[in-house]
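final-v2.cif follows (mmCIF, C-alpha atoms and all ligand atoms):
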```
data_work
loop_
_atom_site.group_PDB
_atom_site.id
_atom_site.type_symbol
_atom_site.label_atom_id
_atom_site.label_comp_id
_atom_site.auth_asym_id
_atom_site.auth_seq_id
_atom_site.Cartn_x
_atom_site.Cartn_y
_atom_site.Cartn_z
ATOM 1 C CA MET S 1 79.611 90.208 5.761
ATOM 2 C CA ASP S 2 78.812 87.029 7.686
ATOM 3 C CA LYS S 3 79.108 87.323 11.438
ATOM 4 C CA ILE S 4 78.154 83.725 12.215
ATOM 5 C CA THR S 5 78.523 80.728 9.925
ATOM 6 C CA ILE S 6 77.115 77.384 11.029
ATOM 7 C CA LYS S 7 78.363 74.533 8.866
ATOM 8 C CA ASN S 8 76.845 71.096 8.926
ATOM 9 C CA VAL S 9 76.430 70.992 12.686
ATOM 10 C CA ASP S 10 75.043 67.882 14.401
ATOM 11 C CA ARG S 11 74.364 67.294 18.062
ATOM 12 C CA GLY S 12 73.417 64.077 19.741
ATOM 13 C CA TYR S 13 72.721 63.232 23.355
ATOM 14 C CA ARG S 14 73.398 59.900 25.005
ATOM 15 C CA VAL S 15 70.135 58.856 26.568
ATOM 16 C CA LYS S 16 69.632 55.900 28.891
ATOM 17 C CA ARG S 17 66.242 54.242 29.092
ATOM 18 C CA GLY S 18 65.242 51.755 31.798
ATOM 19 C CA GLY S 19 68.690 50.316 32.469
ATOM 20 C CA LYS S 20 69.321 49.638 28.769
ATOM 21 C CA ARG S 21 72.577 50.671 27.187
ATOM 22 C CA ALA S 22 72.728 54.402 26.465
ATOM 23 C CA LYS S 23 71.967 55.211 22.863
ATOM 24 C CA GLU S 24 72.610 58.314 20.872
ATOM 25 C CA PHE S 25 69.605 60.550 20.352
ATOM 26 C CA VAL S 26 70.098 62.929 17.412
ATOM 27 C CA ALA S 27 68.819 66.347 18.510
ATOM 28 C CA ILE S 28 69.992 68.387 15.514
ATOM 29 C CA LYS S 29 71.422 67.223 12.228
ATOM 30 C CA GLY S 30 73.041 68.936 9.275
ATOM 31 C CA VAL S 31 72.308 72.485 10.385
ATOM 32 C CA ASN S 32 73.647 75.132 8.016
ATOM 33 C CA LEU S 33 72.914 78.787 8.652
ATOM 34 C CA THR S 34 74.613 82.140 8.286
ATOM 35 C CA VAL S 35 73.835 85.318 10.193
ATOM 36 C CA LYS S 36 75.016 88.599 8.716
ATOM 37 C CA LYS S 37 76.776 91.262 10.756
ATOM 38 C CA GLY S 38 74.160 93.499 12.342
ATOM 39 C CA GLU S 39 71.303 91.206 11.346
ATOM 40 C CA PHE S 40 68.323 90.323 13.544
ATOM 41 C CA LEU S 41 67.589 86.648 12.953
ATOM 42 C CA ALA S 42 64.806 84.763 14.712
ATOM 43 C CA ILE S 43 64.550 80.990 15.069
ATOM 44 C CA VAL S 44 61.127 79.354 15.421
ATOM 45 C CA GLY S 45 60.156 75.708 15.521
ATOM 46 C CA PRO S 46 58.178 73.159 17.486
ATOM 47 C CA SER S 47 59.153 72.206 20.991
ATOM 48 C CA GLY S 48 62.109 69.844 21.037
ATOM 49 C CA CYS S 49 63.397 70.702 17.546
ATOM 50 C CA GLY S 50 66.747 71.821 18.941
ATOM 51 C CA LYS S 51 66.494 75.631 19.138
ATOM 52 C CA SER S 52 68.104 75.819 22.586
ATOM 53 C CA THR S 53 70.642 73.166 21.640
ATOM 54 C CA LEU S 54 71.694 75.282 18.655
ATOM 55 C CA LEU S 55 71.842 78.480 20.705
ATOM 56 C CA ASP S 56 73.909 76.782 23.432
ATOM 57 C CA MET S 57 76.328 75.661 20.751
ATOM 58 C CA LEU S 58 76.552 79.225 19.378
ATOM 59 C CA ALA S 59 77.269 80.423 22.911
ATOM 60 C CA GLY S 60 80.029 77.833 23.203
ATOM 61 C CA LEU S 61 78.259 76.217 26.155
ATOM 62 C CA ALA S 62 77.635 72.897 24.407
ATOM 63 C CA PRO S 63 80.437 71.017 22.661
ATOM 64 C CA ILE S 64 80.470 70.764 18.865
ATOM 65 C CA ARG S 65 81.347 67.214 17.980
ATOM 66 C CA SER S 66 80.433 67.367 14.345
ATOM 67 C CA GLY S 67 80.464 70.380 12.039
ATOM 68 C CA GLU S 68 81.868 73.851 12.600
ATOM 69 C CA ILE S 69 80.784 77.288 13.780
ATOM 70 C CA PHE S 70 82.699 80.362 12.661
ATOM 71 C CA ILE S 71 82.454 83.836 14.214
ATOM 72 C CA ASP S 72 83.902 86.533 11.933
ATOM 73 C CA GLY S 73 85.388 83.746 9.844
ATOM 74 C CA LYS S 74 87.289 82.298 12.816
ATOM 75 C CA LEU S 75 86.550 78.845 14.152
ATOM 76 C CA MET S 76 84.666 79.184 17.436
ATOM 77 C CA SER S 77 85.880 76.939 20.217
ATOM 78 C CA GLY S 78 84.068 78.032 23.395
ATOM 79 C CA PRO S 79 82.308 80.782 25.321
ATOM 80 C CA ASP S 80 83.620 84.314 25.024
ATOM 81 C CA LEU S 81 82.557 87.829 25.978
ATOM 82 C CA ASP S 82 82.057 88.596 22.274
ATOM 83 C CA ARG S 83 78.698 86.816 22.657
ATOM 84 C CA GLY S 84 76.118 87.888 25.240
ATOM 85 C CA ILE S 85 73.559 85.325 26.345
ATOM 86 C CA ILE S 86 70.046 86.056 27.559
ATOM 87 C CA LEU S 87 68.166 82.964 28.633
ATOM 88 C CA GLN S 88 64.592 82.336 29.562
ATOM 89 C CA GLY S 89 64.049 82.622 33.300
ATOM 90 C CA TYR S 90 66.356 85.612 33.763
ATOM 91 C CA ALA S 91 69.292 83.737 35.404
ATOM 92 C CA LEU S 92 70.152 86.730 37.580
ATOM 93 C CA PHE S 93 72.348 86.247 40.628
ATOM 94 C CA PRO S 94 69.951 86.620 43.586
ATOM 95 C CA TRP S 95 72.642 87.827 45.989
ATOM 96 C CA ARG S 96 73.689 90.652 43.678
ATOM 97 C CA SER S 97 71.816 93.929 43.327
ATOM 98 C CA VAL S 98 70.580 95.094 39.909
ATOM 99 C CA ARG S 99 73.732 97.205 39.520
ATOM 100 C CA GLN S 100 76.013 94.337 40.557
ATOM 101 C CA ASN S 101 74.255 92.000 38.131
ATOM 102 C CA VAL S 102 74.665 94.501 35.297
ATOM 103 C CA GLU S 103 78.361 94.932 36.168
ATOM 104 C CA LEU S 104 79.143 91.215 36.130
ATOM 105 C CA GLY S 105 80.630 91.000 32.616
ATOM 106 C CA LEU S 106 82.544 94.237 33.191
ATOM 107 C CA GLU S 107 84.126 92.758 36.332
ATOM 108 C CA ILE S 108 85.161 89.664 34.391
ATOM 109 C CA LYS S 109 86.652 91.949 31.741
ATOM 110 C CA GLY S 110 88.622 93.794 34.468
ATOM 111 C CA VAL S 111 87.001 97.188 33.874
ATOM 112 C CA PRO S 112 87.937 99.598 36.748
ATOM 113 C CA LYS S 113 85.271 100.320 39.386
ATOM 114 C CA LYS S 114 84.506 103.929 38.414
ATOM 115 C CA GLU S 115 84.117 103.084 34.744
ATOM 116 C CA ARG S 116 81.960 100.084 35.662
ATOM 117 C CA ALA S 117 79.619 102.303 37.652
ATOM 118 C CA ALA S 118 79.228 104.734 34.740
ATOM 119 C CA ILE S 119 78.562 101.964 32.221
ATOM 120 C CA SER S 120 76.084 100.089 34.437
ATOM 121 C CA GLN S 121 74.185 103.329 35.108
ATOM 122 C CA LYS S 122 73.972 103.984 31.366
ATOM 123 C CA TYR S 123 72.351 100.595 30.723
ATOM 124 C CA ILE S 124 70.149 100.785 33.822
ATOM 125 C CA ASN S 125 68.779 104.056 32.402
ATOM 126 C CA LEU S 126 68.516 102.695 28.863
ATOM 127 C CA LEU S 127 66.324 99.827 30.071
ATOM 128 C CA GLY S 128 64.136 102.128 32.175
ATOM 129 C CA LEU S 129 65.414 100.853 35.526
ATOM 130 C CA GLN S 130 66.393 104.219 37.006
ATOM 131 C CA GLY S 131 66.099 104.147 40.788
ATOM 132 C CA PHE S 132 66.224 100.341 40.944
ATOM 133 C CA GLY S 133 70.004 99.885 40.856
ATOM 134 C CA ASP S 134 70.237 98.885 44.515
ATOM 135 C CA ARG S 135 67.276 96.518 44.499
ATOM 136 C CA PHE S 136 67.724 92.770 44.512
ATOM 137 C CA PRO S 137 66.140 90.441 41.918
ATOM 138 C CA TYR S 138 63.432 89.201 44.318
ATOM 139 C CA GLU S 139 62.236 92.800 44.674
ATOM 140 C CA LEU S 140 61.562 93.136 40.917
ATOM 141 C CA SER S 141 58.692 92.179 38.608
ATOM 142 C CA GLY S 142 59.222 89.615 35.834
ATOM 143 C CA GLY S 143 59.495 92.307 33.160
ATOM 144 C CA MET S 144 62.043 94.221 35.239
ATOM 145 C CA LYS S 145 64.152 91.105 35.797
ATOM 146 C CA GLN S 146 64.151 90.545 32.061
ATOM 147 C CA ARG S 147 65.302 94.138 31.541
ATOM 148 C CA VAL S 148 68.178 93.557 34.006
ATOM 149 C CA ALA S 149 69.193 90.439 32.063
ATOM 150 C CA ILE S 150 69.252 92.475 28.832
ATOM 151 C CA ALA S 151 71.149 95.351 30.507
ATOM 152 C CA ARG S 152 73.683 92.861 31.864
ATOM 153 C CA ALA S 153 74.260 91.343 28.424
ATOM 154 C CA LEU S 154 74.539 94.751 26.727
ATOM 155 C CA ALA S 155 76.795 96.344 29.368
ATOM 156 C CA TYR S 156 79.937 94.463 28.405
ATOM 157 C CA ASP S 157 79.312 95.324 24.778
ATOM 158 C CA PRO S 158 79.271 91.925 23.066
ATOM 159 C CA GLU S 159 79.013 91.947 19.284
ATOM 160 C CA VAL S 160 76.433 89.178 19.272
ATOM 161 C CA LEU S 161 73.342 88.747 21.453
ATOM 162 C CA LEU S 162 71.986 85.213 21.774
ATOM 163 C CA MET S 163 68.479 85.230 23.215
ATOM 164 C CA ASP S 164 66.525 82.080 24.115
ATOM 165 C CA GLU S 165 62.823 82.868 24.558
ATOM 166 C CA PRO S 166 63.734 85.907 26.623
ATOM 167 C CA PHE S 167 60.185 87.266 26.884
ATOM 168 C CA ALA S 168 58.280 84.028 27.350
ATOM 169 C CA ALA S 169 57.679 84.509 31.068
ATOM 170 C CA VAL S 170 56.159 88.009 30.975
ATOM 171 C CA ASP S 171 52.576 89.129 30.296
ATOM 172 C CA ALA S 172 51.502 90.079 26.763
ATOM 173 C CA GLN S 173 51.628 93.836 27.318
ATOM 174 C CA THR S 174 55.088 93.818 28.926
ATOM 175 C CA ARG S 175 56.233 91.533 26.148
ATOM 176 C CA GLU S 176 55.272 94.057 23.469
ATOM 177 C CA THR S 177 57.000 96.835 25.411
ATOM 178 C CA LEU S 178 60.172 94.751 25.721
ATOM 179 C CA GLN S 179 60.039 93.945 21.993
ATOM 180 C CA ASP S 180 59.793 97.668 21.167
ATOM 181 C CA GLU S 181 62.677 98.436 23.543
ATOM 182 C CA LEU S 182 64.829 95.684 22.105
ATOM 183 C CA LEU S 183 64.298 97.034 18.574
ATOM 184 C CA LEU S 184 65.234 100.555 19.684
ATOM 185 C CA ILE S 185 68.428 99.245 21.289
ATOM 186 C CA TRP S 186 69.234 97.140 18.257
ATOM 187 C CA GLU S 187 68.718 100.120 15.942
ATOM 188 C CA LYS S 188 71.111 102.149 18.121
ATOM 189 C CA THR S 189 73.792 99.490 18.579
ATOM 190 C CA ARG S 190 73.383 97.310 15.453
ATOM 191 C CA LYS S 191 74.410 94.179 17.282
ATOM 192 C CA THR S 192 73.952 90.835 15.592
ATOM 193 C CA ILE S 193 71.000 89.155 17.304
ATOM 194 C CA VAL S 194 69.913 85.518 17.230
ATOM 195 C CA PHE S 195 66.522 85.299 18.905
ATOM 196 C CA VAL S 196 64.746 82.016 19.696
ATOM 197 C CA THR S 197 60.996 82.221 20.197
ATOM 198 C CA HIS S 198 57.835 80.130 20.109
ATOM 199 C CA SER S 199 55.863 83.112 18.911
ATOM 200 C CA ILE S 200 55.512 83.612 15.151
ATOM 201 C CA ASP S 201 54.245 87.168 15.755
ATOM 202 C CA GLU S 202 57.296 88.019 17.818
ATOM 203 C CA ALA S 203 59.695 86.522 15.253
ATOM 204 C CA VAL S 204 58.076 88.391 12.341
ATOM 205 C CA PHE S 205 57.774 91.665 14.232
ATOM 206 C CA LEU S 206 61.421 91.739 15.311
ATOM 207 C CA SER S 207 63.555 90.173 12.678
ATOM 208 C CA ASP S 208 65.113 90.576 9.246
ATOM 209 C CA ARG S 209 64.866 86.829 8.612
ATOM 210 C CA VAL S 210 63.156 83.928 10.344
ATOM 211 C CA ALA S 211 64.722 80.466 10.341
ATOM 212 C CA VAL S 212 62.032 77.791 10.646
ATOM 213 C CA MET S 213 63.212 74.544 12.240
ATOM 214 C CA THR S 214 61.670 71.104 12.016
ATOM 215 C CA VAL S 215 62.096 68.033 14.233
ATOM 216 C CA ASN S 216 63.111 64.471 13.720
ATOM 217 C CA PRO S 217 65.924 65.274 13.537
ATOM 218 C CA GLY S 218 66.136 69.005 14.277
ATOM 219 C CA SER S 219 67.189 70.941 11.212
ATOM 220 C CA ILE S 220 66.485 74.189 9.363
ATOM 221 C CA LYS S 221 63.472 73.764 7.105
ATOM 222 C CA ALA S 222 63.409 77.226 5.550
ATOM 223 C CA VAL S 223 64.695 80.741 6.075
ATOM 224 C CA VAL S 224 62.079 83.406 5.378
ATOM 225 C CA ASP S 225 62.942 87.019 4.518
ATOM 226 C CA ILE S 226 60.810 89.523 6.410
ATOM 227 C CA PRO S 227 60.225 92.354 3.946
ATOM 228 C CA LEU S 228 58.556 94.685 6.450
ATOM 229 C CA PRO S 229 59.830 98.278 6.610
ATOM 230 C CA ARG S 230 61.548 99.644 9.710
ATOM 231 C CA PRO S 231 60.905 101.169 12.163
ATOM 232 C CA ARG S 232 58.201 98.636 12.894
ATOM 233 C CA ASN S 233 56.018 100.678 15.254
ATOM 234 C CA GLY S 234 52.374 100.085 14.488
ATOM 235 C CA ILE S 235 53.099 97.344 11.950
ATOM 236 C CA ARG S 236 51.372 94.597 13.957
ATOM 237 C CA THR S 237 47.983 95.534 12.542
ATOM 238 C CA SER S 238 49.070 95.879 8.901
ATOM 239 C CA ALA S 239 48.086 93.535 6.056
ATOM 240 C CA GLU S 240 51.757 92.905 5.140
ATOM 241 C CA PHE S 241 52.466 91.801 8.703
ATOM 242 C CA ASN S 242 49.602 89.318 8.568
ATOM 243 C CA ARG S 243 50.704 88.001 5.188
ATOM 244 C CA THR S 244 54.261 87.338 6.388
ATOM 245 C CA ARG S 245 53.004 85.819 9.607
ATOM 246 C CA GLN S 246 50.770 83.482 7.602
ATOM 247 C CA GLN S 247 53.725 82.412 5.454
ATOM 248 C CA VAL S 248 55.767 81.370 8.517
ATOM 249 C CA TRP S 249 52.712 79.770 10.121
ATOM 250 C CA GLU S 250 52.088 77.599 7.051
ATOM 251 C CA LEU S 251 55.689 76.371 7.069
ATOM 252 C CA LEU S 252 55.190 75.237 10.664
ATOM 253 C CA GLN S 253 51.723 73.787 10.125
ATOM 254 C CA ASN S 254 52.633 71.719 7.081
ATOM 255 C CA ASP S 255 55.204 69.820 9.034
ATOM 256 C CA PRO S 256 54.009 66.313 9.950
ATOM 257 C CA ALA S 257 57.022 65.751 12.190
ATOM 258 C CA ALA S 258 56.189 68.871 14.164
ATOM 259 C CA LEU S 259 52.583 67.814 14.547
ATOM 260 C CA ARG S 260 53.652 64.451 15.940
ATOM 261 C CA VAL S 261 55.651 66.176 18.656
ATOM 262 C CA GLU S 262 52.906 68.684 19.471
ATOM 263 C CA LYS S 263 50.449 65.774 19.835
ATOM 264 C CA SER S 264 52.812 64.056 22.207
ATOM 265 C CA TYR S 265 52.654 67.099 24.452
ATOM 266 C CA ALA S 266 48.876 67.021 24.375
ATOM 267 C CA GLY S 267 48.945 63.396 25.493
ATOM 268 C CA GLY S 268 51.425 64.184 28.249
ATOM 269 C CA GLN S 269 53.863 61.535 27.006
ATOM 270 C CA ASP S 270 57.604 61.607 26.977
ATOM 271 C CA VAL S 271 58.578 63.617 23.920
ATOM 272 C CA ALA S 272 61.959 61.988 23.371
ATOM 273 C CA GLU S 273 60.261 58.586 23.436
ATOM 274 C CA LEU S 274 57.850 59.695 20.721
ATOM 275 C CA ILE S 275 60.580 61.080 18.551
ATOM 276 C CA TYR S 276 62.336 57.719 18.790
ATOM 277 C CA ALA S 277 59.131 56.046 17.721
ATOM 278 C CA ALA S 278 58.708 58.492 14.835
ATOM 279 C CA ALA S 279 62.312 57.931 13.757
ATOM 280 C CA ALA S 280 61.712 54.193 13.626
ATOM 281 C CA LEU S 281 58.736 54.530 11.241
HETATM 282 N N1 LIG R 1 70.822 67.003 28.115
HETATM 283 C C1 LIG R 1 70.035 66.335 27.287
HETATM 284 N N2 LIG R 1 70.017 64.997 27.272
HETATM 285 C C2 LIG R 1 69.241 64.312 26.415
HETATM 286 N N3 LIG R 1 68.424 64.883 25.502
HETATM 287 C C3 LIG R 1 68.393 66.222 25.477
HETATM 288 C C4 LIG R 1 69.173 67.042 26.364
HETATM 289 N N4 LIG R 1 68.930 68.337 26.086
HETATM 290 C C5 LIG R 1 68.017 68.335 25.102
HETATM 291 N N5 LIG R 1 67.710 67.084 24.729
HETATM 292 C C6 LIG R 1 66.782 66.686 23.667
HETATM 293 O O1 LIG R 1 67.174 67.324 22.462
HETATM 294 C C7 LIG R 1 66.045 67.787 21.747
HETATM 295 C C8 LIG R 1 66.189 69.282 21.503
HETATM 296 O O2 LIG R 1 66.094 69.964 22.746
HETATM 297 P P1 LIG R 1 66.092 71.539 22.827
HETATM 298 O O3 LIG R 1 66.043 71.901 24.259
HETATM 299 O O4 LIG R 1 67.215 72.067 22.038
HETATM 300 O O5 LIG R 1 64.708 71.871 22.093
HETATM 301 P P2 LIG R 1 63.980 73.282 21.879
HETATM 302 O O6 LIG R 1 63.706 73.422 20.433
HETATM 303 O O7 LIG R 1 64.750 74.359 22.546
HETATM 304 O O8 LIG R 1 62.586 73.024 22.640
HETATM 305 P P3 LIG R 1 61.666 74.073 23.447
HETATM 306 O O9 LIG R 1 60.954 74.872 22.399
HETATM 307 O O10 LIG R 1 60.727 73.162 24.197
HETATM 308 O O11 LIG R 1 62.532 74.892 24.337
HETATM 309 C C9 LIG R 1 64.818 67.411 22.573
HETATM 310 O O12 LIG R 1 64.260 66.256 22.050
HETATM 311 C C10 LIG R 1 65.373 67.147 23.963
HETATM 312 O O13 LIG R 1 64.628 66.139 24.605
HETATM 313 MG MG MG R 2 64.350 75.635 24.214
#
```
Could I get this structure in the form of C-alpha cells?
Amino acid sequence: MDKITIKNVDRGYRVKRGGKRAKEFVAIKGVNLTVKKGEFLAIVGPSGCGKSTLLDMLAGLAPIRSGEIFIDGKLMSGPDLDRGIILQGYALFPWRSVRQNVELGLEIKGVPKKERAAISQKYINLLGLQGFGDRFPYELSGGMKQRVAIARALAYDPEVLLMDEPFAAVDAQTRETLQDELLLIWEKTRKTIVFVTHSIDEAVFLSDRVAVMTVNPGSIKAVVDIPLPRPRNGIRTSAEFNRTRQQVWELLQNDPAALRVEKSYAGGQDVAELIYAAAAL
C-alpha cells in the first residue's frame, strides 16, 4: 500500500537579481514518486537539485502550488504530527533539556505529564542517552544532539519520518553508529522513512529504494531497487554492496546537468545564477 504519493509536483521560487523584476526560478518540476507503507526510501542528487525543497513540501512546510501530495490516499494540505521531521543541524531548542526536547511533540498532542515522562524516558534509553535527560543541548556532542532529534521525532509516534541529511554534521564513525541505530529502530517500528543524503554509501546501506534526482530543473531521474538482504550488518564490505553503489554512482556521474552545478561550486560562483545560464542554453 502506498503511504505517500507525489503527483506531478512543481516548485518555483521568485528570485530578484540586482533590482530587476523578480522572476520565477523552477526548483523542481514534474516530480512523481510513491513511497510504500513501511518503506525506507533514500533521495540522492547533486546540490541544489531540490531534495530539501521536496522534503519541506512532504512535511507541509512549503506550499504546493502545482501538483498534489497524498498521505494514505488523502490530499495533504499542511504540517501534521503524522509526519516527524529531522533536519540537518539538529534544530533542538537550546533552553529545553534533552527530556523537554523529546517531550515537545507529546506536549503539543496534549499527552498528560506522567505519560510524557514515561514515553520520553523510553526513547532516551532507546537512543542510548540514559543519564543525559537533564542536560541541555550545548552540553552534548554532535552525535548526541542528533540522537535527541531522532528521539524527539520518534516520541510522538509519527507514521512517517522525513530526514534531511540528518547525519551530515557528525564524524564518520558516529555516522555509521547512527545508521545502524536507525535501522534497528526502523526494523522495530516499521515507520515509513524518506531520507535525504549526499552520501551514496549511506543511501544504499539504509534503504529499500534510492531515488536519484537531477537538476535543471530538479526532477527524479531514476529509482533504483536495493536488492541487499537485511539485516545489513557487515554488508558494507560485500561485493553486492559495491555493485549497487556503483550503479547509483553511475546514474549521478552521467548527468551533465549535475556536473555543471558541481563545477559551479568549485568555482565559488552563485549556483542559482549558473542554473539560469544552463537553462538558457
Ligand atoms: N527560498 C528560496 N528562494 C529562492 N531559491 C531557493 C530557495 N530555496 C531554495 N532555492 C533554490 O532551489 C533549488 C533547490 O534547493 P534545495 O535546497 O531544495 O536543494 P538541495 O537539493 O536540498 O541542495 P543541497 O544538497 O545543497 O542541500 C536551489 O537552486 C536553490 O538555490
Ligand atoms: Mg538540502
Please find the residues contacting ligand LIG 1 (chain R) at a distance of at most 6 Å between atoms, with all atoms listed in the file counted, and report them as an mmCIF file with C-alpha atoms, in the coordinates of the input.
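As a result, part26.cif now contains:
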```cif
data_model
loop_
_atom_site.group_PDB
_atom_site.id
_atom_site.type_symbol
_atom_site.label_atom_id
_atom_site.label_comp_id
_atom_site.auth_asym_id
_atom_site.auth_seq_id
_atom_site.Cartn_x
_atom_site.Cartn_y
_atom_site.Cartn_z
ATOM 1 C CA TYR S 13 72.721 63.232 23.355
ATOM 2 C CA VAL S 15 70.135 58.856 26.568
ATOM 3 C CA ALA S 27 68.819 66.347 18.510
ATOM 4 C CA PRO S 46 58.178 73.159 17.486
ATOM 5 C CA SER S 47 59.153 72.206 20.991
ATOM 6 C CA GLY S 48 62.109 69.844 21.037
ATOM 7 C CA CYS S 49 63.397 70.702 17.546
ATOM 8 C CA GLY S 50 66.747 71.821 18.941
ATOM 9 C CA LYS S 51 66.494 75.631 19.138
ATOM 10 C CA SER S 52 68.104 75.819 22.586
ATOM 11 C CA THR S 53 70.642 73.166 21.640
ATOM 12 C CA ALA S 272 61.959 61.988 23.371
#
```
- request: Apply the PyMOL selection byres (((chain S and resi 204) around 12) and not hetatm) to the displayed file and report the matching residues as a PyMOL selection string.
  value: chain S and resi 40-44+179+195-203+205-212+223-229+232+235-236+240-249
task: Considering only C-alpha atoms and all ligand atoms, state which residue in the set S:Asn8, S:Gln88, S:Ser77, S:Asn32 is at the smallest distance from ligand MG 2 (chain R).
output: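 The closest residue to ligand MG 2 (chain R) is S:Gln88.
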Using the chain letters and numbers from this file, what does the PyMOL selection byres (((chain S and resi 153-165) around 7) and not hetatm) select? Give the answer as a short mmCIF file (atom, residue, chain, number, x, y, z; two decimals) with C-alpha atoms, in the coordinates of the input.
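After the write, out_32.cif holds the following:
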```cif
data_model
loop_
_atom_site.label_atom_id
_atom_site.label_comp_id
_atom_site.auth_asym_id
_atom_site.auth_seq_id
_atom_site.Cartn_x
_atom_site.Cartn_y
_atom_site.Cartn_z
CA SER S 52 68.10 75.82 22.59
CA LEU S 55 71.84 78.48 20.70
CA LEU S 81 82.56 87.83 25.98
CA ASP S 82 82.06 88.60 22.27
CA ARG S 83 78.70 86.82 22.66
CA GLY S 84 76.12 87.89 25.24
CA ILE S 85 73.56 85.32 26.34
CA ILE S 86 70.05 86.06 27.56
CA LEU S 87 68.17 82.96 28.63
CA GLN S 88 64.59 82.34 29.56
CA VAL S 102 74.67 94.50 35.30
CA GLY S 105 80.63 91.00 32.62
CA LEU S 106 82.54 94.24 33.19
CA ILE S 119 78.56 101.96 32.22
CA SER S 120 76.08 100.09 34.44
CA TYR S 123 72.35 100.60 30.72
CA ALA S 149 69.19 90.44 32.06
CA ILE S 150 69.25 92.48 28.83
CA ALA S 151 71.15 95.35 30.51
CA ARG S 152 73.68 92.86 31.86
CA PRO S 166 63.73 85.91 26.62
CA PHE S 167 60.18 87.27 26.88
CA ALA S 168 58.28 84.03 27.35
CA LYS S 191 74.41 94.18 17.28
CA THR S 192 73.95 90.84 15.59
CA ILE S 193 71.00 89.16 17.30
CA VAL S 194 69.91 85.52 17.23
CA PHE S 195 66.52 85.30 18.90
CA VAL S 196 64.75 82.02 19.70
CA THR S 197 61.00 82.22 20.20
#
```
field: Computed interatomic separation between atom CA of Leu184 of chain S and atom CA of Ala169 of chain S (Å)
entry: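 If I compute the distance from atom CA of Leu184 of chain S to atom CA of Ala169 of chain S, I get 21.1 Å.
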message: Using all atoms listed in the file, can you tell me which of S:Lys16, S:Lys37, S:Ser219, S:Leu54 comes closest to ligand MG 2 (chain R)?
response: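 For ligand MG 2 (chain R), the nearest of the given residues is S:Leu54.
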message: So, with only C-alpha atoms and all ligand atoms as the atoms that count, which of S:Asp56, S:Ser141, S:Trp95, S:Pro112 lies closest to ligand MG 2 (chain R)?
response: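 Nearest to ligand MG 2 (chain R): S:Asp56.
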query: Applied to the shown file, which residues does the PyMOL selection byres (((chain S and resi 125-128) around 9) and not hetatm) return, written as a ChimeraX atom specification?
result: /S:120-124,129-131,144,147-148,150-151,181,185
Filtering to C-alpha atoms, could you give me those residues as a PDB file, in the frame of the given file?
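Generated output (selection38.pdb):
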```
ATOM      1  CA  SER S 120      76.084 100.089  34.437  1.00  0.00           C
ATOM      2  CA  GLN S 121      74.185 103.329  35.108  1.00  0.00           C
ATOM      3  CA  LYS S 122      73.972 103.984  31.366  1.00  0.00           C
ATOM      4  CA  TYR S 123      72.351 100.595  30.723  1.00  0.00           C
ATOM      5  CA  ILE S 124      70.149 100.785  33.822  1.00  0.00           C
ATOM      6  CA  LEU S 129      65.414 100.853  35.526  1.00  0.00           C
ATOM      7  CA  GLN S 130      66.393 104.219  37.006  1.00  0.00           C
ATOM      8  CA  GLY S 131      66.099 104.147  40.788  1.00  0.00           C
ATOM      9  CA  MET S 144      62.043  94.221  35.239  1.00  0.00           C
ATOM     10  CA  ARG S 147      65.302  94.138  31.541  1.00  0.00           C
ATOM     11  CA  VAL S 148      68.178  93.557  34.006  1.00  0.00           C
ATOM     12  CA  ILE S 150      69.252  92.475  28.832  1.00  0.00           C
ATOM     13  CA  ALA S 151      71.149  95.351  30.507  1.00  0.00           C
ATOM     14  CA  GLU S 181      62.677  98.436  23.543  1.00  0.00           C
ATOM     15  CA  ILE S 185      68.428  99.245  21.289  1.00  0.00           C
TER      16      ILE S 185
END
```
query: Which residue out of S:Ser66, S:Asn216, S:Thr5, S:Asn233 has the minimum interatomic distance to Thr177 of chain S when all atoms listed in the file are used?
result: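 Between S:Ser66, S:Asn216, S:Thr5, S:Asn233, the residue approaching Thr177 of chain S most closely is S:Asn233.
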task: Would you work out the distance separating atom CA of Lys109 of chain S from atom CA of Leu182 of chain S, expressed in Å to one decimal?
output: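 Between atom CA of Lys109 of chain S and atom CA of Leu182 of chain S the gap is 24.1 Å.
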query: atom CA of Leu104 of chain S and atom CA of Asp72 of chain S, how far apart in Å?
result: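 Distance between the two atoms: 25.1 Å.
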message: Please determine, counting all atoms listed in the file, which residue among S:Gly78, S:Gly45, S:Gly12, S:Gly30 has the shortest atom-to-atom distance to Leu252 of chain S.
response: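 Looking at the shortest contact to Leu252 of chain S, the residue is S:Gly45.
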Could you rebuild segment 212-219 of chain S with N, CA and C atoms and give it back as a PDB file, in the coordinates of the input?
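Below is the file selection_14.pdb, written as the result:
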```pdb
ATOM      1  N   VAL S 212      63.062  78.713  10.154  1.00  0.00           N
ATOM      2  CA  VAL S 212      62.032  77.791  10.646  1.00  0.00           C
ATOM      3  C   VAL S 212      62.669  76.418  10.791  1.00  0.00           C
ATOM      4  N   MET S 213      62.614  75.866  12.005  1.00  0.00           N
ATOM      5  CA  MET S 213      63.212  74.544  12.240  1.00  0.00           C
ATOM      6  C   MET S 213      62.141  73.461  12.248  1.00  0.00           C
ATOM      7  N   THR S 214      62.562  72.266  11.951  1.00  0.00           N
ATOM      8  CA  THR S 214      61.670  71.104  12.016  1.00  0.00           C
ATOM      9  C   THR S 214      62.314  70.068  12.937  1.00  0.00           C
ATOM     10  N   VAL S 215      61.533  69.074  13.362  1.00  0.00           N
ATOM     11  CA  VAL S 215      62.096  68.033  14.233  1.00  0.00           C
ATOM     12  C   VAL S 215      62.335  66.744  13.458  1.00  0.00           C
ATOM     13  N   ASN S 216      63.035  65.847  14.167  1.00  0.00           N
ATOM     14  CA  ASN S 216      63.111  64.471  13.720  1.00  0.00           C
ATOM     15  C   ASN S 216      63.952  64.245  12.475  1.00  0.00           C
ATOM     16  N   PRO S 217      65.231  64.566  12.477  1.00  0.00           N
ATOM     17  CA  PRO S 217      65.924  65.274  13.537  1.00  0.00           C
ATOM     18  C   PRO S 217      65.833  66.783  13.335  1.00  0.00           C
ATOM     19  N   GLY S 218      66.193  67.544  14.349  1.00  0.00           N
ATOM     20  CA  GLY S 218      66.136  69.005  14.277  1.00  0.00           C
ATOM     21  C   GLY S 218      67.014  69.534  13.149  1.00  0.00           C
ATOM     22  N   SER S 219      66.410  70.333  12.299  1.00  0.00           N
ATOM     23  CA  SER S 219      67.189  70.941  11.212  1.00  0.00           C
ATOM     24  C   SER S 219      66.450  72.184  10.724  1.00  0.00           C
TER      25      SER S 219
END
```
